[in-house]
>>> print(open('upload17.cif').read())   # mmCIF, C-alpha atoms
data_coords
loop_
_atom_site.label_atom_id
_atom_site.label_comp_id
_atom_site.auth_asym_id
_atom_site.auth_seq_id
_atom_site.Cartn_x
_atom_site.Cartn_y
_atom_site.Cartn_z
CA MET K 1 12.13 13.12 -10.90
CA GLY K 2 10.11 10.52 -12.74
CA ASP K 3 11.21 7.93 -10.23
CA LYS K 4 8.97 6.97 -7.37
CA ASP K 5 9.20 9.39 -4.48
CA PRO K 6 10.01 7.29 -1.42
CA GLU K 7 7.93 9.70 0.73
CA ILE K 8 4.74 8.76 -1.05
CA GLU K 9 3.00 5.94 0.74
CA PRO K 10 1.64 3.05 -1.29
CA GLU K 11 -1.83 3.92 -2.45
CA GLU K 12 -4.32 3.35 0.31
CA GLY K 13 -7.98 2.89 -0.02
CA ARG K 14 -7.93 0.99 -3.26
CA LYS K 15 -9.65 -2.30 -2.67
CA MET K 16 -7.80 -4.66 -4.92
CA GLY K 17 -10.05 -7.17 -6.57
CA GLU K 18 -13.24 -5.13 -6.27
CA LYS K 19 -14.08 -4.09 -9.77
CA THR K 20 -16.81 -2.51 -11.89
CA VAL K 21 -16.84 -3.33 -15.61
CA ILE K 22 -19.14 -1.46 -18.00
CA ILE K 23 -19.84 -2.18 -21.66
CA LEU K 24 -20.89 1.04 -23.36
CA HIS K 25 -22.70 -0.07 -26.51
CA SER K 26 -24.81 3.05 -26.86
CA GLY K 27 -23.54 6.36 -28.16
CA ASP K 28 -26.50 8.31 -26.76
CA MET K 29 -25.51 11.28 -24.64
CA ASP K 30 -27.61 10.28 -21.63
CA LYS K 31 -26.23 6.74 -21.66
CA VAL K 32 -22.63 7.92 -21.98
CA TYR K 33 -23.38 10.03 -18.88
CA SER K 34 -24.64 6.93 -17.07
CA ALA K 35 -21.49 4.97 -17.91
CA LEU K 36 -19.09 7.73 -16.86
CA ILE K 37 -20.99 8.61 -13.69
CA ILE K 38 -21.10 4.97 -12.57
CA GLY K 39 -17.45 4.47 -13.52
CA ASN K 40 -16.40 7.55 -11.55
CA GLY K 41 -18.56 6.52 -8.61
CA ALA K 42 -16.93 3.09 -8.49
CA LEU K 43 -13.43 4.62 -8.55
CA ALA K 44 -14.38 7.20 -5.93
CA MET K 45 -15.57 4.41 -3.64
CA GLY K 46 -12.30 2.53 -3.92
CA MET K 47 -13.10 0.03 -6.66
CA GLU K 48 -11.28 -0.52 -9.92
CA ALA K 49 -13.29 0.43 -13.00
CA SER K 50 -13.14 -0.11 -16.72
CA ILE K 51 -15.39 0.90 -19.60
CA TYR K 52 -15.43 -1.10 -22.84
CA PHE K 53 -16.48 1.20 -25.69
CA THR K 54 -18.12 -0.75 -28.49
CA PHE K 55 -20.40 -0.12 -31.47
CA TRP K 56 -22.24 3.22 -31.15
CA GLY K 57 -20.38 3.82 -27.91
CA LEU K 58 -17.05 3.78 -29.75
CA MET K 59 -18.21 6.73 -31.89
CA ARG K 60 -18.01 8.88 -28.76
CA LEU K 61 -14.24 8.22 -28.58
CA LYS K 62 -13.74 9.89 -31.96
CA LYS K 63 -11.99 13.25 -31.77
CA GLY K 64 -14.52 15.97 -30.90
CA GLU K 65 -17.44 13.54 -30.62
CA LEU K 66 -17.67 12.81 -26.89
CA GLU K 67 -20.38 15.39 -26.21
CA LYS K 68 -22.14 14.97 -29.55
CA GLY K 69 -24.42 11.98 -28.92
CA PRO K 70 -28.20 12.31 -29.38
CA LEU K 71 -30.72 11.79 -26.59
CA SER K 72 -31.84 8.15 -26.29
CA LYS K 73 -35.53 9.12 -26.16
CA MET K 74 -37.42 12.17 -27.42
CA ASN K 75 -34.39 13.53 -29.24
CA MET K 76 -36.82 15.22 -31.70
CA LEU K 77 -34.06 16.10 -34.21
CA GLY K 78 -31.97 17.55 -31.45
CA LEU K 79 -34.64 19.71 -29.81
CA GLY K 80 -35.15 17.30 -26.92
CA ARG K 81 -31.43 17.00 -26.48
CA TRP K 82 -31.07 20.77 -26.38
CA MET K 83 -33.79 21.06 -23.74
CA VAL K 84 -32.22 18.37 -21.55
CA LYS K 85 -28.80 20.01 -21.96
CA GLN K 86 -30.28 23.33 -20.77
CA ARG K 87 -31.66 21.68 -17.68
CA MET K 88 -28.37 19.90 -17.05
CA ASP K 89 -26.47 23.18 -17.27
CA ARG K 90 -28.90 24.72 -14.81
CA ALA K 91 -28.35 21.81 -12.41
CA ASN K 92 -24.57 22.34 -12.85
CA VAL K 93 -23.95 18.83 -14.22
CA ALA K 94 -20.31 18.26 -15.18
CA SER K 95 -19.42 17.90 -18.87
CA LEU K 96 -18.58 14.47 -20.31
CA GLU K 97 -15.09 15.76 -21.05
CA ARG K 98 -14.59 16.54 -17.36
CA LEU K 99 -16.05 13.20 -16.26
CA MET K 100 -13.72 11.39 -18.66
CA ASN K 101 -10.69 13.29 -17.34
CA ASP K 102 -11.71 12.51 -13.74
CA PHE K 103 -12.19 8.85 -14.68
CA LYS K 104 -8.67 8.71 -16.09
CA GLU K 105 -7.17 10.65 -13.19
CA LEU K 106 -8.64 8.19 -10.68
CA GLY K 107 -7.13 5.27 -12.60
CA GLY K 108 -10.09 4.14 -14.72
CA LYS K 109 -9.38 2.00 -17.75
CA ILE K 110 -10.79 2.54 -21.25
CA ILE K 111 -10.91 -0.33 -23.74
CA ALA K 112 -11.74 0.29 -27.41
CA CYS K 113 -13.42 -2.43 -29.48
CA GLU K 114 -11.29 -3.36 -32.48
CA MET K 115 -14.07 -5.16 -34.32
CA THR K 116 -16.19 -1.99 -34.30
CA MET K 117 -13.23 -0.10 -35.74
CA GLU K 118 -13.03 -2.63 -38.55
CA ILE K 119 -16.77 -2.60 -39.29
CA MET K 120 -17.11 1.18 -39.17
CA ASP K 121 -13.72 1.72 -40.82
CA ILE K 122 -12.32 3.81 -37.97
CA LYS K 123 -8.57 4.38 -37.79
CA LYS K 124 -6.71 4.69 -34.47
CA GLU K 125 -5.70 8.25 -35.43
CA GLU K 126 -9.37 9.26 -35.49
CA LEU K 127 -9.83 8.32 -31.82
CA ARG K 128 -8.81 10.05 -28.60
CA THR K 129 -5.88 7.66 -28.10
CA GLU K 130 -4.72 9.52 -24.97
CA TRP K 131 -7.74 8.07 -23.16
CA ILE K 132 -7.48 4.51 -24.47
CA ASP K 133 -5.55 2.00 -22.37
CA GLU K 134 -6.26 -1.11 -24.37
CA TRP K 135 -7.50 -2.19 -27.81
CA GLY K 136 -9.38 -5.43 -27.66
CA ALA K 137 -12.22 -7.76 -28.53
CA VAL K 138 -14.59 -9.93 -26.54
CA GLY K 139 -11.73 -11.79 -24.85
CA SER K 140 -10.45 -8.54 -23.31
CA TYR K 141 -13.90 -7.80 -21.93
CA ILE K 142 -14.38 -11.29 -20.49
CA GLN K 143 -10.92 -11.16 -18.94
CA GLU K 144 -11.86 -7.82 -17.33
CA ALA K 145 -15.26 -9.08 -16.20
CA ARG K 146 -14.09 -12.48 -14.96
CA ASN K 147 -13.49 -11.24 -11.45
CA ALA K 148 -15.69 -8.14 -11.48
CA ASN K 149 -18.33 -7.61 -8.79
CA VAL K 150 -20.37 -5.23 -10.91
CA SER K 151 -20.82 -5.70 -14.65
CA LEU K 152 -23.17 -3.52 -16.70
CA PHE K 153 -24.27 -3.29 -20.31
CA ILE K 154 -25.36 0.20 -21.30
CA MET X 1 -8.91 24.49 -3.94
CA THR X 2 -6.39 25.34 -1.24
CA TYR X 3 -3.66 23.28 0.33
CA PHE X 4 -2.11 24.26 3.64
CA LEU X 5 0.73 22.64 5.43
CA LYS X 6 0.38 22.82 9.17
CA TYR X 7 3.31 22.24 11.44
CA THR X 8 2.05 20.58 14.58
CA GLU X 9 3.28 18.27 17.31
CA SER X 10 6.89 17.13 17.43
CA GLY X 11 7.57 13.65 16.40
CA ASN X 12 9.68 11.72 14.00
CA ARG X 13 8.94 11.65 10.38
CA GLN X 14 11.59 10.00 8.35
CA HIS X 15 12.33 11.72 5.14
CA LYS X 16 14.39 9.81 2.68
CA CYS X 17 16.20 12.38 0.61
CA CYS X 18 17.43 10.10 -2.12
CA GLN X 19 16.78 6.70 -3.59
CA GLY X 20 19.69 5.04 -1.74
CA PRO X 21 18.40 2.41 0.70
CA SER X 22 20.26 3.61 3.78
CA VAL X 23 20.35 7.36 3.29
CA SER X 24 17.65 9.03 5.31
CA LEU X 25 17.21 12.29 7.13
CA THR X 26 15.11 12.64 10.25
CA LEU X 27 13.08 15.83 10.59
CA GLY X 28 12.12 16.92 14.06
CA VAL X 29 8.55 17.91 13.20
CA ARG X 30 5.61 15.92 12.05
CA ILE X 31 3.96 17.62 9.14
CA VAL X 32 0.21 17.23 8.94
CA ALA X 33 -1.29 18.56 5.79
CA GLU X 34 -4.82 19.84 5.66
CA MET X 35 -6.65 19.93 2.36
CA GLU X 36 -9.86 21.84 1.98
CA ILE X 37 -12.16 21.23 -0.97
CA ASP X 38 -15.18 23.25 -1.87
CA VAL X 39 -17.80 21.45 -3.96
CA ARG X 40 -20.73 23.69 -3.03
CA GLY X 41 -23.17 23.85 -5.92
CA GLN X 42 -21.71 20.75 -7.57
CA THR X 43 -23.84 17.72 -8.25
CA CYS X 44 -23.42 13.94 -8.65
CA PRO X 45 -20.75 12.54 -9.04
CA VAL X 46 -18.42 15.53 -8.58
CA PRO X 47 -18.40 15.75 -4.72
CA LEU X 48 -17.55 12.05 -4.41
CA VAL X 49 -14.91 12.24 -7.15
CA GLU X 50 -13.26 15.38 -5.74
CA CYS X 51 -13.18 13.77 -2.30
CA ARG X 52 -11.42 10.71 -3.72
CA LYS X 53 -8.94 12.90 -5.61
CA ALA X 54 -8.08 14.73 -2.39
CA LEU X 55 -7.63 11.46 -0.50
CA LYS X 56 -5.29 10.24 -3.23
CA LYS X 57 -3.17 13.40 -3.07
CA THR X 58 -2.76 13.44 0.72
CA SER X 59 -0.73 11.13 2.94
CA PRO X 60 -1.87 8.97 5.86
CA GLY X 61 -2.62 11.15 8.89
CA ASP X 62 -3.55 14.19 6.80
CA LEU X 63 -6.89 15.91 7.13
CA VAL X 64 -9.35 16.41 4.28
CA ILE X 65 -12.20 18.87 4.77
CA ILE X 66 -14.92 18.88 2.16
CA LYS X 67 -17.71 21.45 1.90
CA GLY X 68 -20.76 20.85 -0.25
CA THR X 69 -24.46 21.24 -0.85
CA HIS X 70 -25.40 18.05 -2.77
CA PRO X 71 -27.69 16.16 -0.34
CA ALA X 72 -26.89 12.56 -1.39
CA SER X 73 -23.14 13.16 -1.11
CA LYS X 74 -23.52 13.97 2.58
CA LYS X 75 -24.24 10.31 3.24
CA GLU X 76 -22.30 8.84 0.30
CA ILE X 77 -18.94 10.42 1.13
CA PRO X 78 -18.89 8.81 4.63
CA MET X 79 -20.04 5.55 2.97
CA ALA X 80 -17.10 5.68 0.53
CA CYS X 81 -14.63 6.59 3.30
CA GLU X 82 -15.77 3.66 5.40
CA ALA X 83 -15.39 1.29 2.45
CA MET X 84 -11.85 2.55 1.83
CA GLY X 85 -10.85 2.51 5.49
CA PHE X 86 -10.58 6.26 6.09
CA LYS X 87 -11.89 7.79 9.30
CA VAL X 88 -14.74 10.31 9.17
CA LEU X 89 -14.15 12.66 12.10
CA GLU X 90 -17.12 14.97 11.77
CA ILE X 91 -20.22 15.64 9.66
CA GLU X 92 -21.57 19.10 10.27
CA ASP X 93 -24.61 20.92 8.90
CA LYS X 94 -24.10 24.56 7.95
CA GLU X 95 -26.23 27.47 6.74
CA GLY X 96 -29.37 26.04 8.31
CA GLY X 97 -28.91 22.62 6.72
CA LYS X 98 -28.30 23.93 3.18
CA GLU X 99 -24.62 23.11 3.36
CA TRP X 100 -22.54 20.40 4.97
CA GLU X 101 -18.91 19.97 5.95
CA ILE X 102 -17.21 16.61 6.37
CA LYS X 103 -13.82 16.11 8.04
CA ILE X 104 -11.85 13.02 7.11
CA ARG X 105 -8.61 11.68 8.55
CA ARG X 106 -6.59 10.07 5.73
#
>>> encode(input="upload17.cif", output="structure tokens")
Amino acid sequence: MGDKDPEIEPEEGRKMGEKTVIILHSGDMDKVYSALIIGNGALAMGMEASIYFTFWGLMRLKKGELEKGPLSKMNMLGLGRWMVKQRMDRANVASLERLMNDFKELGGKIIACEMTMEIMDIKKEELRTEWIDEWGAVGSYIQEARNANVSLFI
Amino acid sequence: MTYFLKYTESGNRQHKCCQGPSVSLTLGVRIVAEMEIDVRGQTCPVPLVECRKALKKTSPGDLVIIKGTHPASKKEIPMACEAMGFKVLEIEDKEGGKEWEIKIRR
């Protein structure tokens, strides 16, 4: 059953070569939202997409940490974050966990920065390895970005 | 989320029943699937993402009907479909403009 079903047509709609590449350097909740929303948007519009998690961004790939980032401005020891979260719930904004699962389901690629792991002493076992497609350094990012139409640093 | 199979016009749809290159079975009906997705109340980027998921799950010729309330998605879903080469058949306002329904031919 794992074999390709001959009834399934080759994937249509995917525009090969059109690609969005995002570096997620920040671990702030609002910026992680930006990265995942843009990544999902690119995939939904037929592009390829990859997100390179580095530095504070990589912390969000630790087990149980995806939703835990502070607010980038006016965090006020978590009070600001709580208020924004309330408003987001009221507006029915999807959780980061859901956005990440959608990103993976639509074929998005996650790259984890190995240098950050070394600096911050993070082991592979501490990360959500089921999401990570590649472990790399700057070369992996440049290779991804070489032919990308959209490249963002968040 | 619901998924109906509708049996419509006669035609030939080849159904290969095993991996062998020459073994195929011809069914006398053309099966057009219709997928309906309800993203009413959902906000950016969920309507766009759910639309893409539905288009990935269906086969060419199938119909995807998406219902929503998010205003920007009403113009962004057709934009995405056009970029991916899918045909938007209809964009309809419902509930006095509070809701919309978009029909897409995969």
>>> residues_around(input="upload17.cif", residues="X:Trp100", least_positions_apart="6", cutoff="10 Å", atoms="all atoms listed in the file", output="PDB file with C-alpha atoms, keeping the file's coordinate frame")
ATOM      1  CA  ARG X  40     -20.730  23.690  -3.030  1.00  0.00           C
ATOM      2  CA  ILE X  66     -14.920  18.880   2.160  1.00  0.00           C
ATOM      3  CA  LYS X  67     -17.710  21.450   1.900  1.00  0.00           C
ATOM      4  CA  GLY X  68     -20.760  20.850  -0.250  1.00  0.00           C
ATOM      5  CA  THR X  69     -24.460  21.240  -0.850  1.00  0.00           C
ATOM      6  CA  HIS X  70     -25.400  18.050  -2.770  1.00  0.00           C
ATOM      7  CA  PRO X  71     -27.690  16.160  -0.340  1.00  0.00           C
ATOM      8  CA  SER X  73     -23.140  13.160  -1.110  1.00  0.00           C
ATOM      9  CA  LYS X  74     -23.520  13.970   2.580  1.00  0.00           C
ATOM     10  CA  ILE X  91     -20.220  15.640   9.660  1.00  0.00           C
ATOM     11  CA  GLU X  92     -21.570  19.100  10.270  1.00  0.00           C
ATOM     12  CA  ASP X  93     -24.610  20.920   8.900  1.00  0.00           C
ATOM     13  CA  LYS X  94     -24.100  24.560   7.950  1.00  0.00           C
TER      14      LYS X  94
END
>>> resolve_selection(input="upload17.cif", expression="the PyMOL selection byres ((chain K and resi 130-133) around 10)", output="list in words")
Ser50, Ile51, Tyr52, Phe53, Leu61, Met100, Asn101, Phe103, Lys104, Gly108, Lys109, Ile110, Ile111, Ala112, Leu127, Arg128, Thr129, Glu134, Trp135 and Gly136 of chain K
>>> resolve_selection(input="upload17.cif", expression="the PyMOL selection byres ((chain K and resi 85-94) around 9)", output="PyMOL selection string")
(chain K and resi 80-84+95-99) or (chain X and resi 41-46)
>>> closest_atom_pairs(input="upload17.cif", of="chain X", to="chain K", cutoff="8 Å", atoms="only C-alpha atoms", output="JSON lines")
{"residue": "X:His15", "atom": "CA", "partner": "K:Glu7", "partner_atom": "CA", "distance": 6.5}
{"residue": "X:Lys16", "atom": "CA", "partner": "K:Pro6", "partner_atom": "CA", "distance": 6.5}
{"residue": "X:Cys18", "atom": "CA", "partner": "K:Pro6", "partner_atom": "CA", "distance": 8.0}
{"residue": "X:Gln19", "atom": "CA", "partner": "K:Pro6", "partner_atom": "CA", "distance": 7.1}
{"residue": "X:Gly41", "atom": "CA", "partner": "K:Asn92", "partner_atom": "CA", "distance": 7.2}
{"residue": "X:Gln42", "atom": "CA", "partner": "K:Asn92", "partner_atom": "CA", "distance": 6.2}
{"residue": "X:Thr43", "atom": "CA", "partner": "K:Val93", "partner_atom": "CA", "distance": 6.1}
{"residue": "X:Cys44", "atom": "CA", "partner": "K:Val93", "partner_atom": "CA", "distance": 7.4}
{"residue": "X:Pro45", "atom": "CA", "partner": "K:Ile37", "partner_atom": "CA", "distance": 6.1}
{"residue": "X:Val46", "atom": "CA", "partner": "K:Ala94", "partner_atom": "CA", "distance": 7.4}
{"residue": "X:Leu48", "atom": "CA", "partner": "K:Ala44", "partner_atom": "CA", "distance": 6.0}
{"residue": "X:Val49", "atom": "CA", "partner": "K:Ala44", "partner_atom": "CA", "distance": 5.2}
{"residue": "X:Cys51", "atom": "CA", "partner": "K:Ala44", "partner_atom": "CA", "distance": 7.6}
{"residue": "X:Arg52", "atom": "CA", "partner": "K:Ala44", "partner_atom": "CA", "distance": 5.1}
{"residue": "X:Lys53", "atom": "CA", "partner": "K:Leu106", "partner_atom": "CA", "distance": 6.9}
{"residue": "X:Lys56", "atom": "CA", "partner": "K:Glu11", "partner_atom": "CA", "distance": 7.2}
{"residue": "X:Ser59", "atom": "CA", "partner": "K:Glu9", "partner_atom": "CA", "distance": 6.8}
{"residue": "X:Pro60", "atom": "CA", "partner": "K:Glu9", "partner_atom": "CA", "distance": 7.7}
{"residue": "X:Ala80", "atom": "CA", "partner": "K:Met45", "partner_atom": "CA", "distance": 4.6}
{"residue": "X:Cys81", "atom": "CA", "partner": "K:Met45", "partner_atom": "CA", "distance": 7.3}
{"residue": "X:Ala83", "atom": "CA", "partner": "K:Met45", "partner_atom": "CA", "distance": 6.8}
{"residue": "X:Met84", "atom": "CA", "partner": "K:Gly13", "partner_atom": "CA", "distance": 4.3}
{"residue": "X:Gly85", "atom": "CA", "partner": "K:Gly13", "partner_atom": "CA", "distance": 6.2}
{"residue": "X:Phe86", "atom": "CA", "partner": "K:Gly13", "partner_atom": "CA", "distance": 7.4}
>>> atom_distance(input="upload17.cif", atom1="atom CA of K:Gly78", atom2="atom CA of K:Lys124")
28.5 Å
>>> atom_distance(input="upload17.cif", atom1="atom CA of X:Arg105", atom2="atom CA of X:Val88")
6.3 Å
>>> residues_around(input="upload17.cif", residues="stretch 141-153 of chain K", least_positions_apart="2", cutoff="8 Å", atoms="all atoms listed in the file", output="PDB file with C-alpha atoms, in the coordinates of the input")
ATOM      1  CA  GLY K  17     -10.050  -7.170  -6.570  1.00  0.00           C
ATOM      2  CA  GLU K  18     -13.240  -5.130  -6.270  1.00  0.00           C
ATOM      3  CA  LYS K  19     -14.080  -4.090  -9.770  1.00  0.00           C
ATOM      4  CA  THR K  20     -16.810  -2.510 -11.890  1.00  0.00           C
ATOM      5  CA  VAL K  21     -16.840  -3.330 -15.610  1.00  0.00           C
ATOM      6  CA  ILE K  22     -19.140  -1.460 -18.000  1.00  0.00           C
ATOM      7  CA  ILE K  23     -19.840  -2.180 -21.660  1.00  0.00           C
ATOM      8  CA  LEU K  24     -20.890   1.040 -23.360  1.00  0.00           C
ATOM      9  CA  HIS K  25     -22.700  -0.070 -26.510  1.00  0.00           C
ATOM     10  CA  SER K  50     -13.140  -0.110 -16.720  1.00  0.00           C
ATOM     11  CA  TYR K  52     -15.430  -1.100 -22.840  1.00  0.00           C
ATOM     12  CA  GLY K 136      -9.380  -5.430 -27.660  1.00  0.00           C
ATOM     13  CA  ALA K 137     -12.220  -7.760 -28.530  1.00  0.00           C
ATOM     14  CA  VAL K 138     -14.590  -9.930 -26.540  1.00  0.00           C
ATOM     15  CA  GLY K 139     -11.730 -11.790 -24.850  1.00  0.00           C
TER      16      GLY K 139
END
>>> atom_distance(input="upload17.cif", atom1="atom CA of K:Met120", atom2="atom CA of K:Trp56")
9.7 Å
>>> closest_residue(input="upload17.cif", among="K:Ala49, K:Met117, K:Ile122, K:Leu66", to="K:Gly27", atoms="all atoms listed in the file")
K:Leu66
>>> closest_residue(input="upload17.cif", among="X:Lys57, X:Lys98, X:Lys75, X:Lys87", to="X:Ala33", atoms="all atoms listed in the file")
X:Lys57
